[in-house]
Structures are given as C-alpha cells and as structure tokens.
Amino acid sequence: MRQRTIPPVVAARWALWTFVIVNLVIVEALFLTEGTGKNGVLTVAKFFGLHAAVLMLFQLLLVARLPWLDRRIGMDRLTLWHRWVGFTLLWTLLTHAVLVVLGYARLDDAAMTKTFMALAGVPASLLGMGAAAIVVVVAAVSARQVRRRLRYETWHGVHLLLYVALGLAFVHQLRETTTFSSSTLAMTYWWALWLFAFGALVAGRIVMPLWRNAYHRFEVVAVVPEADDVVSVHVTGRHLDRLPARAGQFCIWRFPGHNHWWPANPFSLSAAPDGRTLRLTAKAVGSASTGLRHLPVGTRAFVEGPYGAFTSLHRTRPGALLIAGGVGITPVRALLEEESAGDIVVLYRVRSEDEAVLIDEVRTLVAGLGGRLHLLTGRSGEGSRPFEPQSLRALVPDITERDVYVCGPPAMTSAVLGALRGLKVPRIQVHAERFGLA
C-alpha cells in the first residue's frame, strides 16, 4: 500500500488547530486595540470573557459531527477534546465572572456582595450569570463520579441546557462587549464566526440526519439471533449505495416504532456496506440492546451516521493486525470483508469459544484472505494475559511493521494500547476507537 505524504488524521488535526489559532490571533488583535476596560481588573476580565466566547465556539465545532473531521479524527477523540475544553471553559467563565464583580467593586468602592446584587439587576449581566450557572451545573453532572451514577438519557437531557447557555451568552456578548462593536469589520467577523459554528452544529446534528432518514427510509428486514445474548439486525432502505458508509464505522440507532424515541445506541456495522443493507450485531447488556431480539420486521429505523475513523482510510502499511475483544469483533469483521489483499492477522479475545461472536464468519473471511486467526480464550484473572508486550511480539513478530486496529472493552483496549507503546509501534499505525455517546 502506498505511503501517504500526510495521513488523513494529521491533515485534519492541522486544519482544526490552524482554524483555532487563526481565530485566537484575530481575537487577541481585537483585544489589544479595543479591549481596554474601565480599570485594570475589568480589562483582564474582558480578556477572559473574549476567550470564553472562543472556547464556546470551539465546543460547537467539536460536537457538530462534521463528516470530514469525524472520519479522520473520530468521534471518540473529538468527544474527549470536547470534555476537556468544557472544563477549561468552566474555569475561564468563573474567572471572568469573579473579575467582573471585583472590577466593579473597586470602581464603585463597594463590597463584592453588594456589587454582585447590583449587577444581577442589569439584564445584560443577568444573562451572563445565567449562562455561567448552567455551565457550572453541566460540569458538575459531567464529573466522572456523578456521570457514572446517571443514565445516559438523564445526563444528555441536562447537557442540552448548554445550548440555552450558549444563547444567553451570545445575547450577553451583544449587549456588553464593545470589542466586536468597535468597527463594521469586527462586528462582521464576530457574526460570521457565530453563524459558522451554529450552522455547522445545526447541519451536522439536525439537518443531515433528518434529510438522510427522509431520503433513505430505513427499515428492519431481518432479525437473526447469533447466540443466546447476541442478535443481528438487518436494515434496508432506498438508495443505500449513496450512503457514505465504510466498514469499521458505526451508527446511532433508534427504533421509534418499537422503543421510545429517546433511547439511542451506538452499534458498529458488523458487515461491510454493500449498497443494499446495513447490519448491526449487538450483545444484550441493557434494555435497549436486549429488546432488539424482539424487533418486528418492517419496523422503521432512525439512523444517525455513519460515524467513526476506524476504517481503512487510515492504512499506512500493507500488513494489518486486527485485535478484537468480545462484541468488539463486529467492526473488525466488517473490515475483513472489505479487504482484498494483504497480510492480515486477527487476534480475537474471549473468555471461551462459546462467547466468540460471529466466529464462523470471521474464520471464513480470514481464510479467504490467506490470513491468520488466533482465538485467545481464558480469563485474565486466571493467568491468561495475551496482550502483554512479549505475548504480542510472540504472536506477531513483525507487529511494528503493521497497522494495528483495536476494538474491545475499555480495559482491554487500554492494555493493548499500553503494550503497543511498549513495543514502540509508531503511533500513526495504531487505530483504536471507543464507540460511545458520552
């Protein structure tokens, strides 16, 4: 396989960070020319306020699910960046708010409590306070200790309040910020930036899913039990050859005629898209995935996606090592179906062969490619540790010369990635994606 000059993920990261840096430079220039406040503290407060606004815009782009970024960087990485930018936004907003109160307290020679109450009586300031309060609440429920105790639907519902915060913050900026009203050019730039960010979000999260579902009209054509707790669902639709789906990607699936609209699950495509049907294969781990076994044929499906960067787009070497754990075999199985040539090795980790989902299909595909399949069974607590560096080296001696794809439970994925670092497998050759919504 020909080595690309610039790998897609590198190109996408450069494009994204260049966009951010260019806009930060513009904001810094505007601040230096029009950012002076009524005293030194308020000038610093304005500095933090302007950067909080840029962070908000960046947050919108990270969750807009823009296809070009998603296919090159991956939703999991974009979501992780969104999380850390969110906590940075929290502290930037709080710093801005405290400095505003302190600055006006010094200006009026008044106590901070009195100044805070006075500012709360000003509509523009009250809007900013409301936006900051919502960000604090969302950050609190996003802390790992709290997030683990909440259902995804509850957490997501609270998270949607951030759009209210963005609206409040936008109006607050229009009424309070003089930096972007200093000239027609500055105001045009600021409006264009907000419209671009909101437009990307609306297009990626609302317009595109609605259009695709209206165009393709997805519906269930078959439900096939694969094991006692595993089921495959086959979905068809109109013009599926025009759906830009690739092996290794996943979709967010809803079956509103069978379940409530709110529950949504990310399931990988367990077969390479063929232009006629899509297939998902899921293990029963919750009420939504368990209920898939009882889906009636003809049920309408609402499909968001396809998403993900776990695809052959990122191949850099002729040979590949595909590592899967449990039901994580589904995108790996799809990737095998897309392969036409090359040296392929598959490591499939399960507790017992009975739990090896789609194992017959995987064996057939690997054999057809002339590859090798290692079914790794046993429990880690009983001494079975196939993903230690020396074990991987013994199974695949030329591992550093291959692209390595990893999909499985979080603990397994982390162990494999750690071993690959220990083996000094070049980072650009390692492809892993955690399929999730939060």
# chains A, B, ... in the order shown; residues from 1 in each chain; ligands from 1
>>> residues_around(residues="Arg71 (chain A)", least_positions_apart="4", cutoff="12 Å", atoms="only C-alpha atoms", output="PyMOL selection string")
chain A and resi 8-9+11-13+65-67+75-78+244-250+305-314+433
>>> select_by_dssp(residues="region 200-419 of chain A", states="helix (DSSP H, G or I)", output="ChimeraX atom specification")
/A:200-216,240-242,287-294,312-314,326-338,353-355,359-369,380-382,389-395,399-401,410-419
>>> closest_residue(among="A:Val350, A:Ala301, A:Ala222, A:Ala271", to="Leu336 (chain A)", atoms="only C-alpha atoms")
A:Ala271
>>> closest_residue(among="A:Leu93, A:Val22, A:Leu102, A:Val346", to="Cys407 (chain A)", atoms="only C-alpha atoms")
A:Val346
>>> residues_around(residues="Leu321 (chain A)", least_positions_apart="2", cutoff="9 Å", atoms="only C-alpha atoms", output="number ranges by chain")
A: 319, 323, 343-347, 396, 399, 402-406
>>> write_last_selection(atoms="N, CA and C atoms", output="compact mmCIF listing (two decimals), in the first residue's frame")
# COMPACT_ATOMS: atom_id res chain seq x y z
N GLY A 319 0.50 -4.74 5.59
CA GLY A 319 0.01 -5.71 6.56
C GLY A 319 -0.79 -5.06 7.66
N ILE A 323 -7.19 -6.50 16.28
CA ILE A 323 -7.35 -7.04 17.62
C ILE A 323 -8.74 -6.70 18.12
N ASP A 343 -1.38 -8.94 4.08
CA ASP A 343 -1.07 -9.89 5.14
C ASP A 343 -1.88 -9.51 6.37
N ILE A 344 -2.90 -10.30 6.69
CA ILE A 344 -3.84 -9.98 7.76
C ILE A 344 -3.70 -10.99 8.90
N VAL A 345 -3.60 -10.46 10.13
CA VAL A 345 -3.62 -11.29 11.33
C VAL A 345 -4.73 -10.77 12.24
N VAL A 346 -5.53 -11.68 12.78
CA VAL A 346 -6.62 -11.31 13.68
C VAL A 346 -6.39 -11.97 15.04
N LEU A 347 -6.43 -11.19 16.09
CA LEU A 347 -6.41 -11.69 17.46
C LEU A 347 -7.79 -11.43 18.06
N VAL A 396 2.87 -12.07 16.90
CA VAL A 396 3.04 -11.29 15.66
C VAL A 396 4.45 -10.68 15.68
N ILE A 399 5.09 -7.01 14.33
CA ILE A 399 3.99 -6.12 14.72
C ILE A 399 4.30 -4.65 14.45
N ARG A 402 3.19 -3.28 10.96
CA ARG A 402 1.78 -3.40 10.57
C ARG A 402 0.96 -2.22 11.10
N ASP A 403 -0.16 -1.98 10.42
CA ASP A 403 -1.22 -1.17 11.02
C ASP A 403 -1.93 -2.04 12.05
N VAL A 404 -2.24 -1.47 13.19
CA VAL A 404 -2.89 -2.23 14.25
C VAL A 404 -4.23 -1.57 14.57
N TYR A 405 -5.31 -2.34 14.42
CA TYR A 405 -6.66 -1.88 14.74
C TYR A 405 -7.11 -2.58 16.02
N VAL A 406 -7.62 -1.80 16.97
CA VAL A 406 -8.00 -2.34 18.27
C VAL A 406 -9.43 -1.93 18.61
>>> closest_atom_pairs(of="region 173-246 of chain A", to="region 161-165 of chain A", cutoff="12 Å", atoms="only C-alpha atoms", output="CSV")
residue,atom,partner,partner_atom,distance
A:Phe198,CA,A:Tyr163,CA,10.1
A:Leu201,CA,A:Tyr163,CA,10.6
A:Val202,CA,A:Tyr163,CA,11.4
>>> atom_distance(atom1="CA of Leu168 (chain A)", atom2="CA of Arg151 (chain A)")
27.1 Å
>>> residues_around(residues="Thr236 (chain A)", least_positions_apart="6", cutoff="9 Å", atoms="only C-alpha atoms", output="short mmCIF file (atom, residue, chain, number, x, y, z; two decimals) with all heavy atoms, in the first residue's frame")
data_model
loop_
_atom_site.label_atom_id
_atom_site.label_comp_id
_atom_site.auth_asym_id
_atom_site.auth_seq_id
_atom_site.Cartn_x
_atom_site.Cartn_y
_atom_site.Cartn_z
N HIS A 216 -33.52 7.95 2.70
CA HIS A 216 -33.24 6.51 2.65
C HIS A 216 -34.39 5.65 3.20
O HIS A 216 -34.51 4.48 2.84
CB HIS A 216 -31.95 6.19 3.41
CG HIS A 216 -30.72 6.75 2.79
ND1 HIS A 216 -30.25 6.34 1.56
CD2 HIS A 216 -29.86 7.70 3.23
CE1 HIS A 216 -29.14 7.03 1.27
NE2 HIS A 216 -28.87 7.84 2.26
N ARG A 217 -35.19 6.17 4.10
CA ARG A 217 -36.33 5.42 4.66
C ARG A 217 -35.91 4.05 5.18
O ARG A 217 -36.33 3.01 4.67
CB ARG A 217 -37.44 5.28 3.61
CG ARG A 217 -38.04 6.61 3.19
CD ARG A 217 -39.20 6.40 2.23
NE ARG A 217 -39.75 7.66 1.76
CZ ARG A 217 -40.74 7.78 0.88
NH1 ARG A 217 -41.29 6.66 0.37
NH2 ARG A 217 -41.20 8.96 0.51
N PHE A 218 -35.09 4.07 6.20
CA PHE A 218 -34.56 2.83 6.76
C PHE A 218 -35.65 2.00 7.43
O PHE A 218 -36.51 2.55 8.12
CB PHE A 218 -33.48 3.14 7.80
CG PHE A 218 -32.33 3.95 7.28
CD1 PHE A 218 -32.23 5.31 7.58
CD2 PHE A 218 -31.36 3.36 6.50
CE1 PHE A 218 -31.16 6.06 7.12
CE2 PHE A 218 -30.29 4.10 6.02
CZ PHE A 218 -30.18 5.45 6.34
N GLU A 219 -35.59 0.68 7.25
CA GLU A 219 -36.50 -0.21 7.97
C GLU A 219 -35.87 -1.59 8.14
O GLU A 219 -34.99 -2.00 7.39
CB GLU A 219 -37.84 -0.33 7.26
CG GLU A 219 -37.82 -1.06 5.94
CD GLU A 219 -39.22 -1.28 5.39
OE1 GLU A 219 -39.99 -0.30 5.35
OE2 GLU A 219 -39.53 -2.43 5.00
N VAL A 220 -36.32 -2.29 9.17
CA VAL A 220 -35.78 -3.61 9.51
C VAL A 220 -36.32 -4.65 8.54
O VAL A 220 -37.53 -4.73 8.31
CB VAL A 220 -36.17 -3.98 10.96
CG1 VAL A 220 -35.71 -5.40 11.30
CG2 VAL A 220 -35.59 -2.97 11.94
N VAL A 221 -35.41 -5.48 7.98
CA VAL A 221 -35.84 -6.54 7.07
C VAL A 221 -35.59 -7.93 7.64
O VAL A 221 -36.16 -8.91 7.17
CB VAL A 221 -35.16 -6.44 5.69
CG1 VAL A 221 -35.66 -5.22 4.95
CG2 VAL A 221 -33.65 -6.41 5.83
N ARG A 276 -27.08 -2.29 -0.32
CA ARG A 276 -28.45 -2.82 -0.24
C ARG A 276 -28.96 -2.92 1.19
O ARG A 276 -30.11 -2.63 1.46
CB ARG A 276 -28.51 -4.21 -0.90
CG ARG A 276 -28.12 -4.22 -2.36
CD ARG A 276 -28.27 -5.61 -2.98
NE ARG A 276 -27.44 -6.59 -2.29
CZ ARG A 276 -26.16 -6.79 -2.56
NH1 ARG A 276 -25.55 -6.07 -3.48
NH2 ARG A 276 -25.48 -7.72 -1.90
N THR A 277 -28.08 -3.34 2.11
CA THR A 277 -28.48 -3.46 3.51
C THR A 277 -27.35 -3.02 4.43
O THR A 277 -26.18 -2.97 4.03
CB THR A 277 -28.84 -4.92 3.87
OG1 THR A 277 -27.70 -5.75 3.64
CG2 THR A 277 -30.03 -5.42 3.06
N LEU A 278 -27.75 -2.71 5.65
CA LEU A 278 -26.81 -2.45 6.74
C LEU A 278 -27.07 -3.49 7.81
O LEU A 278 -28.21 -3.88 8.02
CB LEU A 278 -27.00 -1.05 7.32
CG LEU A 278 -26.91 0.13 6.36
CD1 LEU A 278 -27.30 1.42 7.08
CD2 LEU A 278 -25.52 0.26 5.78
N ARG A 279 -26.00 -3.93 8.47
CA ARG A 279 -26.20 -4.91 9.54
C ARG A 279 -25.52 -4.44 10.81
O ARG A 279 -24.37 -4.00 10.79
CB ARG A 279 -25.63 -6.28 9.15
CG ARG A 279 -25.95 -7.37 10.18
CD ARG A 279 -25.39 -8.73 9.79
NE ARG A 279 -23.96 -8.84 10.10
CZ ARG A 279 -23.31 -10.01 10.10
NH1 ARG A 279 -23.93 -11.14 9.78
NH2 ARG A 279 -22.03 -10.04 10.37
#
>>> atom_distance(atom1="CA of Phe255 (chain A)", atom2="CA of Leu240 (chain A)")
18.2 Å
>>> residues_around(residues="Tyr348 (chain A)", least_positions_apart="2", cutoff="8 Å", atoms="only C-alpha atoms", output="ChimeraX atom specification")
/A:323-326,329,346,350,356,373-376
>>> residues_around(residues="Trp91 (chain A)", least_positions_apart="4", cutoff="12 Å", atoms="only C-alpha atoms", output="PyMOL selection string")
chain A and resi 48-49+51-52+55+84-87+95-98+132+135-136+139
>>> write_last_selection(atoms="all heavy atoms", output="compact mmCIF listing (two decimals), in the first residue's frame")
# COMPACT_ATOMS: atom_id res chain seq x y z
N PHE A 48 -10.56 37.44 29.62
CA PHE A 48 -11.08 36.10 29.88
C PHE A 48 -12.45 35.90 29.24
O PHE A 48 -12.78 34.80 28.77
CB PHE A 48 -11.15 35.84 31.39
CG PHE A 48 -9.85 35.44 31.99
CD1 PHE A 48 -9.02 36.38 32.59
CD2 PHE A 48 -9.43 34.13 31.95
CE1 PHE A 48 -7.80 36.01 33.14
CE2 PHE A 48 -8.21 33.75 32.49
CZ PHE A 48 -7.39 34.70 33.10
N GLY A 49 -13.27 36.94 29.20
CA GLY A 49 -14.59 36.82 28.58
C GLY A 49 -14.51 36.55 27.10
O GLY A 49 -15.25 35.70 26.56
N HIS A 51 -12.04 35.10 25.50
CA HIS A 51 -11.53 33.74 25.29
C HIS A 51 -12.56 32.69 25.66
O HIS A 51 -12.59 31.59 25.08
CB HIS A 51 -10.23 33.55 26.07
CG HIS A 51 -9.07 34.27 25.44
ND1 HIS A 51 -8.89 35.63 25.58
CD2 HIS A 51 -8.05 33.84 24.64
CE1 HIS A 51 -7.82 36.01 24.92
NE2 HIS A 51 -7.29 34.94 24.34
N ALA A 52 -13.43 33.00 26.62
CA ALA A 52 -14.53 32.08 26.92
C ALA A 52 -15.45 31.95 25.72
O ALA A 52 -15.95 30.86 25.40
CB ALA A 52 -15.32 32.58 28.13
N LEU A 55 -13.86 29.64 23.21
CA LEU A 55 -13.99 28.26 23.67
C LEU A 55 -15.39 27.72 23.40
O LEU A 55 -15.56 26.55 23.03
CB LEU A 55 -13.66 28.16 25.16
CG LEU A 55 -12.18 28.32 25.53
CD1 LEU A 55 -12.03 28.41 27.05
CD2 LEU A 55 -11.36 27.17 24.99
N TRP A 84 -12.56 18.12 27.74
CA TRP A 84 -11.51 18.92 28.37
C TRP A 84 -11.66 20.40 28.03
O TRP A 84 -11.38 21.26 28.89
CB TRP A 84 -10.14 18.39 27.96
CG TRP A 84 -9.84 17.08 28.61
CD1 TRP A 84 -9.70 15.86 28.02
CD2 TRP A 84 -9.70 16.84 30.02
NE1 TRP A 84 -9.48 14.88 28.95
CE2 TRP A 84 -9.47 15.45 30.19
CE3 TRP A 84 -9.75 17.65 31.15
CZ2 TRP A 84 -9.29 14.87 31.45
CZ3 TRP A 84 -9.57 17.08 32.40
CH2 TRP A 84 -9.34 15.71 32.54
N VAL A 85 -12.08 20.72 26.83
CA VAL A 85 -12.35 22.12 26.50
C VAL A 85 -13.50 22.64 27.37
O VAL A 85 -13.52 23.80 27.81
CB VAL A 85 -12.68 22.29 25.01
CG1 VAL A 85 -13.17 23.71 24.71
CG2 VAL A 85 -11.45 21.98 24.16
N GLY A 86 -14.47 21.76 27.67
CA GLY A 86 -15.59 22.15 28.52
C GLY A 86 -15.16 22.55 29.92
O GLY A 86 -15.63 23.56 30.47
N PHE A 87 -14.25 21.77 30.50
CA PHE A 87 -13.77 22.13 31.84
C PHE A 87 -12.89 23.38 31.79
O PHE A 87 -12.89 24.19 32.72
CB PHE A 87 -13.02 20.96 32.47
CG PHE A 87 -13.93 19.88 32.97
CD1 PHE A 87 -13.95 18.63 32.37
CD2 PHE A 87 -14.80 20.12 34.03
CE1 PHE A 87 -14.81 17.63 32.82
CE2 PHE A 87 -15.66 19.13 34.49
CZ PHE A 87 -15.65 17.88 33.89
N THR A 95 -13.53 32.65 36.17
CA THR A 95 -12.52 33.70 36.34
C THR A 95 -13.04 35.03 35.81
O THR A 95 -12.88 36.08 36.45
CB THR A 95 -11.22 33.31 35.60
OG1 THR A 95 -10.76 32.06 36.10
CG2 THR A 95 -10.16 34.36 35.80
N HIS A 96 -13.66 34.99 34.64
CA HIS A 96 -14.26 36.20 34.06
C HIS A 96 -15.30 36.80 35.00
O HIS A 96 -15.28 38.02 35.25
CB HIS A 96 -14.89 35.86 32.71
CG HIS A 96 -15.78 36.92 32.16
ND1 HIS A 96 -15.30 38.12 31.68
CD2 HIS A 96 -17.15 36.97 32.01
CE1 HIS A 96 -16.32 38.86 31.24
NE2 HIS A 96 -17.44 38.18 31.44
N ALA A 97 -16.18 35.95 35.53
CA ALA A 97 -17.26 36.45 36.40
C ALA A 97 -16.71 37.08 37.68
O ALA A 97 -17.15 38.17 38.10
CB ALA A 97 -18.21 35.31 36.74
N VAL A 98 -15.75 36.40 38.31
CA VAL A 98 -15.18 36.93 39.55
C VAL A 98 -14.48 38.26 39.30
O VAL A 98 -14.62 39.22 40.09
CB VAL A 98 -14.22 35.91 40.17
CG1 VAL A 98 -13.43 36.53 41.33
CG2 VAL A 98 -14.97 34.68 40.66
N ALA A 132 -23.39 31.25 32.89
CA ALA A 132 -22.35 30.68 33.74
C ALA A 132 -22.92 29.64 34.69
O ALA A 132 -22.31 28.59 34.92
CB ALA A 132 -21.64 31.79 34.52
N VAL A 135 -23.47 26.37 32.87
CA VAL A 135 -22.20 25.68 32.61
C VAL A 135 -21.70 24.99 33.88
O VAL A 135 -21.20 23.86 33.84
CB VAL A 135 -21.15 26.68 32.09
CG1 VAL A 135 -19.77 26.02 32.02
CG2 VAL A 135 -21.54 27.20 30.70
N VAL A 136 -21.86 25.63 35.03
CA VAL A 136 -21.44 25.03 36.29
C VAL A 136 -22.24 23.75 36.57
O VAL A 136 -21.69 22.72 36.97
CB VAL A 136 -21.60 26.03 37.45
CG1 VAL A 136 -21.42 25.33 38.80
CG2 VAL A 136 -20.61 27.17 37.32
N ALA A 139 -21.16 20.99 34.17
CA ALA A 139 -19.84 20.49 34.55
C ALA A 139 -19.93 19.59 35.76
O ALA A 139 -19.24 18.57 35.85
CB ALA A 139 -18.89 21.66 34.83
>>> closest_residue(among="A:Ala15, A:Thr330, A:Pro225, A:His239", to="Ala284 (chain A)", atoms="only C-alpha atoms")
A:Pro225
>>> closest_residue(among="A:Lys424, A:Thr88, A:Arg83, A:Glu339", to="Asp398 (chain A)", atoms="only C-alpha atoms")
A:Lys424
>>> atom_distance(atom1="CA of Leu150 (chain A)", atom2="CA of Gly328 (chain A)")
24.3 Å
>>> select_by_dssp(residues="region 7-249 of chain A", states="strand (DSSP E)", output="ChimeraX atom specification")
/A:219-227,230-236
>>> closest_residue(among="A:Val230, A:Ala334, A:Val138, A:Leu57", to="Ala200 (chain A)", atoms="only C-alpha atoms")
A:Leu57
